[in-house]
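This is final25.cif (mmCIF, C-alpha atoms).
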```
data_query
#
loop_
_atom_site.label_atom_id
_atom_site.label_comp_id
_atom_site.auth_asym_id
_atom_site.auth_seq_id
_atom_site.Cartn_x
_atom_site.Cartn_y
_atom_site.Cartn_z
CA MET J 881 76.78 94.65 137.20
CA ARG J 882 79.28 94.56 134.35
CA LEU J 883 79.84 97.24 131.72
CA HIS J 884 82.01 96.49 128.69
CA VAL J 885 83.71 99.40 126.93
CA GLY J 886 86.10 99.51 124.02
CA CYS J 887 87.34 101.04 120.79
CA ALA J 888 87.04 100.44 117.06
CA MET J 889 90.41 98.64 116.99
CA TRP J 890 93.00 97.29 119.41
CA SER J 891 96.09 98.79 117.79
CA LEU J 892 96.87 102.19 116.30
CA THR J 893 100.27 103.64 115.44
CA SER J 894 99.66 106.72 117.61
CA TRP J 895 98.94 104.48 120.63
CA GLN J 896 102.37 102.86 120.60
CA GLY J 897 104.48 104.15 123.46
CA ARG J 898 101.41 105.89 124.95
CA PHE J 899 98.74 103.26 125.57
CA LEU J 900 100.60 100.20 124.29
CA PRO J 901 104.23 99.31 124.98
CA HIS J 902 106.60 99.99 122.11
CA PRO J 903 108.06 98.03 120.49
CA LEU J 904 105.45 95.29 120.79
CA PRO J 905 104.93 92.39 118.36
CA PRO J 906 101.56 92.48 116.53
CA GLY J 907 100.67 89.18 118.19
CA GLU J 908 100.83 90.78 121.64
CA ARG J 909 99.00 94.05 121.03
CA LEU J 910 95.52 92.74 121.78
CA ARG J 911 96.78 91.43 125.13
CA ALA J 912 98.07 94.89 126.04
CA TYR J 913 94.90 96.59 124.78
CA ALA J 914 92.80 94.24 126.94
CA THR J 915 94.34 95.85 130.03
CA TRP J 916 92.82 99.17 128.94
CA CYS J 917 89.41 98.01 127.73
CA ASN J 918 87.31 94.86 128.13
CA ALA J 919 85.77 94.92 124.64
CA VAL J 920 86.70 95.75 121.06
CA GLU J 921 84.94 96.00 117.72
CA GLY J 922 85.98 93.25 115.33
CA ASN J 923 85.92 95.37 112.18
CA THR J 924 88.67 93.47 110.38
CA THR J 925 86.42 90.45 109.85
CA PHE J 926 84.20 92.57 107.61
CA TYR J 927 86.92 92.59 104.96
CA ALA J 928 87.96 88.94 105.17
CA THR J 929 87.30 85.86 107.25
CA PRO J 930 90.37 85.39 109.45
CA SER J 931 92.31 82.16 109.62
CA ARG J 932 91.58 79.89 112.55
CA GLY J 933 95.17 80.37 113.72
CA THR J 934 94.67 84.13 113.87
CA VAL J 935 91.50 83.72 115.90
CA GLU J 936 93.24 81.31 118.27
CA SER J 937 95.82 84.05 118.85
CA TRP J 938 93.05 86.51 119.75
CA ALA J 939 91.64 84.00 122.23
CA ARG J 940 95.05 83.41 123.84
CA GLN J 941 95.52 87.13 124.38
CA THR J 942 92.20 87.73 126.15
CA GLY J 943 90.26 86.30 129.06
CA PRO J 944 86.83 84.67 128.64
CA ASP J 945 85.07 87.80 129.96
CA PHE J 946 86.55 89.97 127.20
CA ARG J 947 84.05 90.87 124.45
CA LEU J 948 85.14 90.84 120.82
CA VAL J 949 82.08 91.89 118.81
CA VAL J 950 83.03 90.55 115.40
CA LYS J 951 81.37 91.80 112.24
CA LEU J 952 80.05 89.39 109.63
CA PRO J 953 82.03 89.58 106.37
CA ARG J 954 80.81 91.93 103.65
CA THR J 955 80.49 88.95 101.31
CA ILE J 956 77.52 87.98 103.47
CA THR J 957 75.99 91.36 104.31
CA HIS J 958 76.83 93.68 101.42
CA GLU J 959 77.61 91.50 98.41
CA GLY J 960 75.25 88.61 99.13
CA ARG J 961 72.74 90.77 101.03
CA LEU J 962 72.04 87.79 103.34
CA THR J 963 70.96 85.54 100.46
CA GLY J 964 72.75 82.45 99.14
CA VAL J 965 75.59 82.84 101.63
CA ASP J 966 75.43 79.54 103.51
CA GLU J 967 79.00 78.53 102.65
CA GLU J 968 80.46 81.93 103.55
CA LEU J 969 78.57 81.90 106.87
CA ARG J 970 79.69 78.36 107.68
CA SER J 971 83.34 79.25 107.02
CA PHE J 972 83.09 82.37 109.17
CA LEU J 973 81.47 80.59 112.12
CA GLU J 974 84.07 77.84 111.99
CA ALA J 975 86.90 80.39 111.91
CA ILE J 976 85.73 82.32 114.99
CA GLU J 977 84.83 79.23 117.02
CA PRO J 978 88.05 79.44 119.15
CA LEU J 979 86.83 82.75 120.61
CA GLY J 980 84.16 80.92 122.60
CA PRO J 981 82.32 83.30 124.97
CA ARG J 982 84.43 86.27 123.83
CA ALA J 983 82.32 86.32 120.63
CA GLN J 984 79.06 86.13 122.52
CA THR J 985 77.40 88.55 120.09
CA LEU J 986 77.97 88.68 116.33
CA TRP J 987 77.49 92.01 114.54
CA ILE J 988 75.49 92.21 111.32
CA GLN J 989 76.08 95.60 109.70
CA LEU J 990 73.77 96.16 106.73
CA PRO J 991 74.33 98.57 103.82
CA GLY J 992 72.42 101.83 103.56
CA SER J 993 70.44 100.40 100.64
CA PHE J 994 69.03 97.60 102.82
CA GLY J 995 65.60 99.00 103.61
CA PRO J 996 62.10 98.10 104.80
CA THR J 997 61.34 96.01 101.70
CA ASP J 998 64.28 93.75 102.66
CA LEU J 999 63.00 92.90 106.14
CA GLY J 1000 61.66 89.54 104.99
CA THR J 1001 65.18 88.60 103.93
CA LEU J 1002 66.58 89.72 107.28
CA ALA J 1003 63.93 87.75 109.18
CA GLY J 1004 64.69 84.60 107.22
CA PHE J 1005 68.44 85.01 107.69
CA LEU J 1006 68.11 85.51 111.46
CA ARG J 1007 65.86 82.46 111.77
CA GLY J 1008 68.54 80.32 110.12
CA LEU J 1009 71.41 81.38 112.38
CA PRO J 1010 72.69 78.98 115.05
CA ARG J 1011 71.60 79.67 118.61
CA SER J 1012 75.20 79.36 119.83
CA HIS J 1013 75.57 83.13 119.47
CA ARG J 1014 73.59 86.28 120.06
CA TYR J 1015 73.15 88.69 117.14
CA ALA J 1016 73.11 92.47 116.83
CA VAL J 1017 72.06 94.32 113.68
CA GLU J 1018 73.15 97.77 112.53
CA VAL J 1019 71.02 99.45 109.86
CA ARG J 1020 71.64 102.69 107.99
CA HIS J 1021 68.58 103.13 105.76
CA ARG J 1022 66.90 106.43 106.72
CA ALA J 1023 63.43 104.89 106.82
CA PHE J 1024 64.42 102.95 109.93
CA PHE J 1025 64.92 106.26 111.71
CA ASP J 1026 62.39 108.57 110.06
CA ASP J 1027 59.37 106.32 109.40
CA PRO J 1028 57.62 105.01 112.56
CA ARG J 1029 56.08 102.06 110.71
CA SER J 1030 59.47 100.92 109.42
CA VAL J 1031 60.90 101.26 112.92
CA ARG J 1032 58.14 99.05 114.34
CA LEU J 1033 58.60 96.45 111.61
CA LEU J 1034 62.35 96.24 112.16
CA GLU J 1035 61.94 96.06 115.94
CA GLY J 1036 59.46 93.22 115.42
CA VAL J 1037 61.86 91.27 113.22
CA LEU J 1038 64.71 91.71 115.69
CA ALA J 1039 62.60 90.90 118.74
CA GLY J 1040 61.34 87.75 117.05
CA ALA J 1041 64.93 86.53 116.74
CA GLY J 1042 66.15 87.85 120.10
CA ALA J 1043 68.51 90.17 118.23
CA GLU J 1044 69.65 93.64 119.27
CA TRP J 1045 69.58 96.88 117.25
CA VAL J 1046 73.02 98.56 117.30
CA PRO J 1047 72.77 102.37 117.23
CA PHE J 1048 75.64 104.34 115.70
CA ASP J 1049 75.33 107.75 117.34
CA THR J 1050 77.04 110.36 115.17
CA THR J 1051 75.07 113.36 116.45
CA THR J 1052 78.05 114.84 118.32
CA LEU J 1053 80.23 114.74 115.21
CA PHE J 1054 77.66 116.53 113.06
CA ARG J 1055 76.61 119.06 115.71
CA SER J 1056 79.05 121.67 114.37
CA PRO J 1057 81.38 121.99 111.35
CA PRO J 1058 84.62 119.97 111.35
CA THR J 1059 87.78 121.58 112.73
CA SER J 1060 90.45 119.02 111.73
CA ASP J 1061 91.39 116.88 108.76
CA ALA J 1062 90.20 113.76 110.58
CA GLU J 1063 86.85 115.38 111.33
CA ARG J 1064 86.47 116.52 107.73
CA GLU J 1065 87.14 112.97 106.53
CA ALA J 1066 84.60 111.62 109.03
CA TRP J 1067 82.04 114.15 107.82
CA SER J 1068 82.46 112.80 104.28
CA LYS J 1069 82.29 109.11 105.23
CA LYS J 1070 80.24 108.59 108.37
CA PRO J 1071 76.44 108.26 108.24
CA ARG J 1072 74.32 111.02 109.77
CA MET J 1073 72.39 108.87 112.20
CA PRO J 1074 69.85 110.19 114.71
CA ARG J 1075 70.39 109.16 118.31
CA ARG J 1076 68.54 105.97 119.26
CA SER J 1077 68.64 104.73 122.85
CA VAL J 1078 66.12 101.88 122.97
CA ALA J 1079 67.43 98.47 124.06
CA LEU J 1080 65.64 95.39 122.74
CA THR J 1081 67.58 92.76 124.70
CA ASP J 1082 69.59 92.37 127.90
CA ARG J 1083 72.84 92.86 125.91
CA PRO J 1084 72.58 96.30 124.26
CA ILE J 1085 75.50 97.55 122.14
CA VAL J 1086 76.19 101.23 121.42
CA ARG J 1087 78.62 102.81 118.98
CA TYR J 1088 79.31 106.45 119.86
CA LEU J 1089 81.30 108.84 117.66
CA GLY J 1090 82.58 112.04 119.24
CA ARG J 1091 85.00 114.75 118.13
CA ASP J 1092 88.77 115.08 118.20
CA ASP J 1093 88.24 117.59 121.04
CA THR J 1094 87.98 115.61 124.27
CA ALA J 1095 85.65 118.06 126.02
CA SER J 1096 83.15 117.89 123.14
CA THR J 1097 83.31 114.10 123.10
CA VAL J 1098 82.67 113.85 126.84
CA GLU J 1099 79.86 116.39 126.75
CA GLY J 1100 78.24 114.47 123.90
CA TRP J 1101 78.06 111.20 125.83
CA ARG J 1102 76.41 112.61 128.99
CA ASP J 1103 73.01 111.24 127.98
CA TRP J 1104 74.58 107.90 127.12
CA ALA J 1105 76.11 107.61 130.59
CA GLU J 1106 72.65 108.08 132.11
CA THR J 1107 71.08 105.65 129.64
CA VAL J 1108 73.71 102.98 130.24
CA ALA J 1109 73.42 103.39 134.01
CA GLY J 1110 69.67 102.89 133.63
CA TRP J 1111 70.21 99.71 131.61
CA LEU J 1112 72.53 98.36 134.29
CA ARG J 1113 69.94 99.08 136.98
CA GLU J 1114 67.46 97.06 134.90
CA GLY J 1115 69.83 94.09 134.93
CA ARG J 1116 71.13 94.51 131.37
CA SER J 1117 74.81 94.13 130.43
CA PRO J 1118 75.67 96.87 127.89
CA THR J 1119 78.71 97.25 125.68
CA VAL J 1120 79.74 100.75 124.55
CA PHE J 1121 82.32 101.53 121.88
CA VAL J 1122 83.82 105.03 121.90
CA HIS J 1123 85.08 106.45 118.59
CA THR J 1124 86.58 109.78 117.61
CA PRO J 1125 87.55 110.85 114.09
CA ASP J 1126 91.26 110.22 114.71
CA ASN J 1127 90.81 107.71 117.59
CA ALA J 1128 94.06 109.06 119.05
CA GLU J 1129 92.71 109.12 122.63
CA ALA J 1130 90.12 106.35 122.26
CA PRO J 1131 91.41 103.89 124.92
CA GLU J 1132 91.58 106.61 127.55
CA LEU J 1133 88.18 107.97 126.52
CA ALA J 1134 86.59 104.51 126.74
CA ARG J 1135 87.91 104.18 130.29
CA ARG J 1136 86.66 107.68 131.10
CA PHE J 1137 83.18 106.73 129.91
CA HIS J 1138 83.35 103.67 132.16
CA ASP J 1139 84.36 105.95 135.05
CA ASP J 1140 81.45 108.30 134.34
CA VAL J 1141 78.98 105.42 134.55
CA ARG J 1142 80.66 104.10 137.70
CA ALA J 1143 80.20 107.54 139.25
CA LEU J 1144 76.47 106.96 138.82
CA LEU J 1145 76.65 103.29 139.84
CA PRO J 1146 79.66 102.63 142.11
CA GLY J 1147 78.87 98.90 142.19
CA ILE J 1148 80.09 98.37 138.63
CA GLU J 1149 83.14 96.14 138.39
CA PRO J 1150 86.23 98.28 137.67
CA LEU J 1151 88.42 97.88 134.62
CA PRO J 1152 91.90 96.32 135.00
CA ASP J 1153 94.98 98.46 135.53
CA PRO J 1154 96.58 99.25 132.15
CA VAL J 1155 99.93 97.72 131.28
CA PRO J 1156 102.68 100.39 131.46
CA ALA J 1157 103.43 101.82 128.04
CA GLU J 1158 107.11 102.13 128.91
CA PRO J 1159 109.31 99.50 130.58
CA LEU J 1160 109.64 99.90 134.35
CA THR J 1161 113.14 100.95 135.52
CA LEU J 1162 114.92 100.63 138.86
CA PHE J 1163 115.99 104.28 138.98
#
```
Final C-alpha cells representation of the file:
Amino acid sequence: MRLHVGCAMWSLTSWQGRFLPHPLPPGERLRAYATWCNAVEGNTTFYATPSRGTVESWARQTGPDFRLVVKLPRTITHEGRLTGVDEELRSFLEAIEPLGPRAQTLWIQLPGSFGPTDLGTLAGFLRGLPRSHRYAVEVRHRAFFDDPRSVRLLEGVLAGAGAEWVPFDTTTLFRSPPTSDAEREAWSKKPRMPRRSVALTDRPIVRYLGRDDTASTVEGWRDWAETVAGWLREGRSPTVFVHTPDNAEAPELARRFHDDVRALLPGIEPLPDPVPAEPLTLF
C-alpha cells in the first residue's frame, strides 16, 4: 500500500530554515521538499508551459516514485476551453516528457463557467488524449455538485475515459468566519465546494483546504483519513494534497495526515526522513 501526500508548492519563503535548508539554490529546493513529501501539485504549469530544461531539473531532483501532478496550461483549459488547442497540448506534453512516471496523472482544472452543456467538449477532449498518462479533472460549476443528473453525466464522461474526478474540499475553511488575513483572502478567492469522497479510479486525488489553526485543520480531515484508509484497503493508491490559507505549516501537516492514515493502516510505506533544515554541527 502506498499513499502519496503533498502540498500546493515545493518552496515557500516561510519554509526556508524551517522545512528547507537556508540558503538553498532554487534548483535544489524540490529535492529537499521531496524528503518531506512524496507528491506535489504542479500549479506553475497552469500559467506557462515550462522549458524542457526546467522539467529535466525537476526529474533530477526526485525519484521515479515521486508524484508531480501537473496542471494543464490555462491556454488549454480556460482560454481555449479544450477546443482548438492541439498545438498547445502537443507543446505541453513534449515539455513534461522528462518527468516520466512522476507525471503519471495530468490535472485538468476547468473554469467555473464550464458546465453540463460543455460535457460533450470534455468527452471529445479526453478521447483525444494520449494513453501514456492518466487524467484527473477538477470542476467548479455548481451543477456538478447540486444537480444529481449533472453529476451522473459527468461521472459517465470521466468513467468512459478512465479519468478521475478531483474534489477540492473547502468545507473546513468555510465552516466558520475567517480569523486571519490569509483566511480572509482565501474566503474571497477559493470556491465553496461541497465535500465529495467518491473515487472513480484506482488513483484518486484529493485537494483538502483547512485553516491556519492546526487543530481545526486536523479535525477537518478526520473523515478524509478514514476515506483514504478505505481506498487503500480496496487496493487503490490515493494522493492527498493538504492546503491551508497561508500554507506555513503545510509540509508538516501533509506528513501528519500520512501518519493519521498509517495509524489506521500500519502497513503503509512510511515517508522518508526530512533533510535537516539547518546544517549539522560537530558540537
Given the PyMOL selection byres ((chain J and resi 1083-1096) around 7), the residues it picks as a list in words: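 Against this file, the PyMOL selection byres ((chain J and resi 1083-1096) around 7) returns the residues Glu1044, Val1046, Pro1047, Phe1048, Asp1049, Thr1050, Thr1052, Leu1053, Ala1079, Thr1081, Asp1082, Thr1097, Val1098, Glu1099, Gly1100, Arg1116, Ser1117, Pro1118, Thr1119, Val1120, Phe1121, Val1122, His1123, Thr1124, Pro1125 and Asp1126 of chain J.
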Long-range neighbours of Ser971 in chain J as a list of chain:residue names, 10 Å cut-off, only C-alpha atoms, 3 positions minimum in chain: J:Thr929, J:Pro930, J:Ser931, J:Arg932, J:Asp966, J:Glu967, J:Glu968, J:Glu974, J:Ala975, J:Ile976
Neighbour list for Trp1067 in chain J as a ChimeraX atom specification, cut-off 9 Å, all atoms listed in the file, skip fewer than 5 positions in-chain: /J:1053-1054,1057-1058,1062,1072,1125
List as a Markdown table every residue of range 1026-1126 of chain J that is in contact with range 988-995 of chain J, defined as an atom at most 12 Å from one of its atoms (using all atoms listed in the file), together with the nearest atom pair and the distance in Å rounded to one decimal, sorted by chain and then rising number.
```
| residue | atom | partner | partner_atom | distance |
| --- | --- | --- | --- | --- |
| J:Asp1026 | CA | J:Gly995 | CA | 12.0 |
| J:Asp1027 | CA | J:Gly995 | CA | 11.2 |
| J:Ser1030 | CA | J:Gly995 | CA | 8.7 |
| J:Val1031 | CA | J:Gly995 | CA | 10.7 |
| J:Leu1033 | CA | J:Gly995 | CA | 10.9 |
| J:Leu1034 | CA | J:Gly995 | CA | 9.6 |
| J:Leu1038 | CA | J:Ile988 | CA | 11.6 |
| J:Ala1043 | CA | J:Ile988 | CA | 10.0 |
| J:Glu1044 | CA | J:Ile988 | CA | 10.0 |
| J:Trp1045 | CA | J:Ile988 | CA | 9.6 |
| J:Val1046 | CA | J:Gln989 | CA | 8.7 |
| J:Pro1047 | CA | J:Gln989 | CA | 10.7 |
| J:Phe1048 | CA | J:Gln989 | CA | 10.6 |
| J:Lys1070 | CA | J:Gly992 | CA | 11.4 |
| J:Pro1071 | CA | J:Gly992 | CA | 8.9 |
| J:Arg1072 | CA | J:Gly992 | CA | 11.3 |
| J:Met1073 | CA | J:Gly992 | CA | 11.1 |
```
If you keep C-alpha atoms, can you produce a file of those selected residues as a short mmCIF file (atom, residue, chain, number, x, y, z; two decimals), in the frame of the given file?
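See out07.cif below for the written result:
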```
data_model
loop_
_atom_site.label_atom_id
_atom_site.label_comp_id
_atom_site.auth_asym_id
_atom_site.auth_seq_id
_atom_site.Cartn_x
_atom_site.Cartn_y
_atom_site.Cartn_z
CA ASP J 1026 62.39 108.57 110.06
CA ASP J 1027 59.37 106.32 109.40
CA SER J 1030 59.47 100.92 109.42
CA VAL J 1031 60.90 101.26 112.92
CA LEU J 1033 58.60 96.45 111.61
CA LEU J 1034 62.35 96.24 112.16
CA LEU J 1038 64.71 91.71 115.69
CA ALA J 1043 68.51 90.17 118.23
CA GLU J 1044 69.65 93.64 119.27
CA TRP J 1045 69.58 96.88 117.25
CA VAL J 1046 73.02 98.56 117.30
CA PRO J 1047 72.77 102.37 117.23
CA PHE J 1048 75.64 104.34 115.70
CA LYS J 1070 80.24 108.59 108.37
CA PRO J 1071 76.44 108.26 108.24
CA ARG J 1072 74.32 111.02 109.77
CA MET J 1073 72.39 108.87 112.20
#
```
Among the residues J:Leu952, J:Asn918, J:Ala1134, J:Gly897, the one that comes closest to Glu1149 in chain J [using all atoms listed in the file]: J:Asn918
The PyMOL selection byres ((chain J and resi 913-915) around 6) resolved against shown file, as a count of residues only: 9
How big is the axis-aligned box around all listed atoms of range 1150-1160 of chain J once 5 Å goes on each side, and where's its centre, in Å to one decimal, as lines of an AutoDock Vina configuration file?
```
center_x = 97.9
center_y = 99.2
center_z = 132.9
size_x = 33.4
size_y = 15.8
size_z = 19.6
```
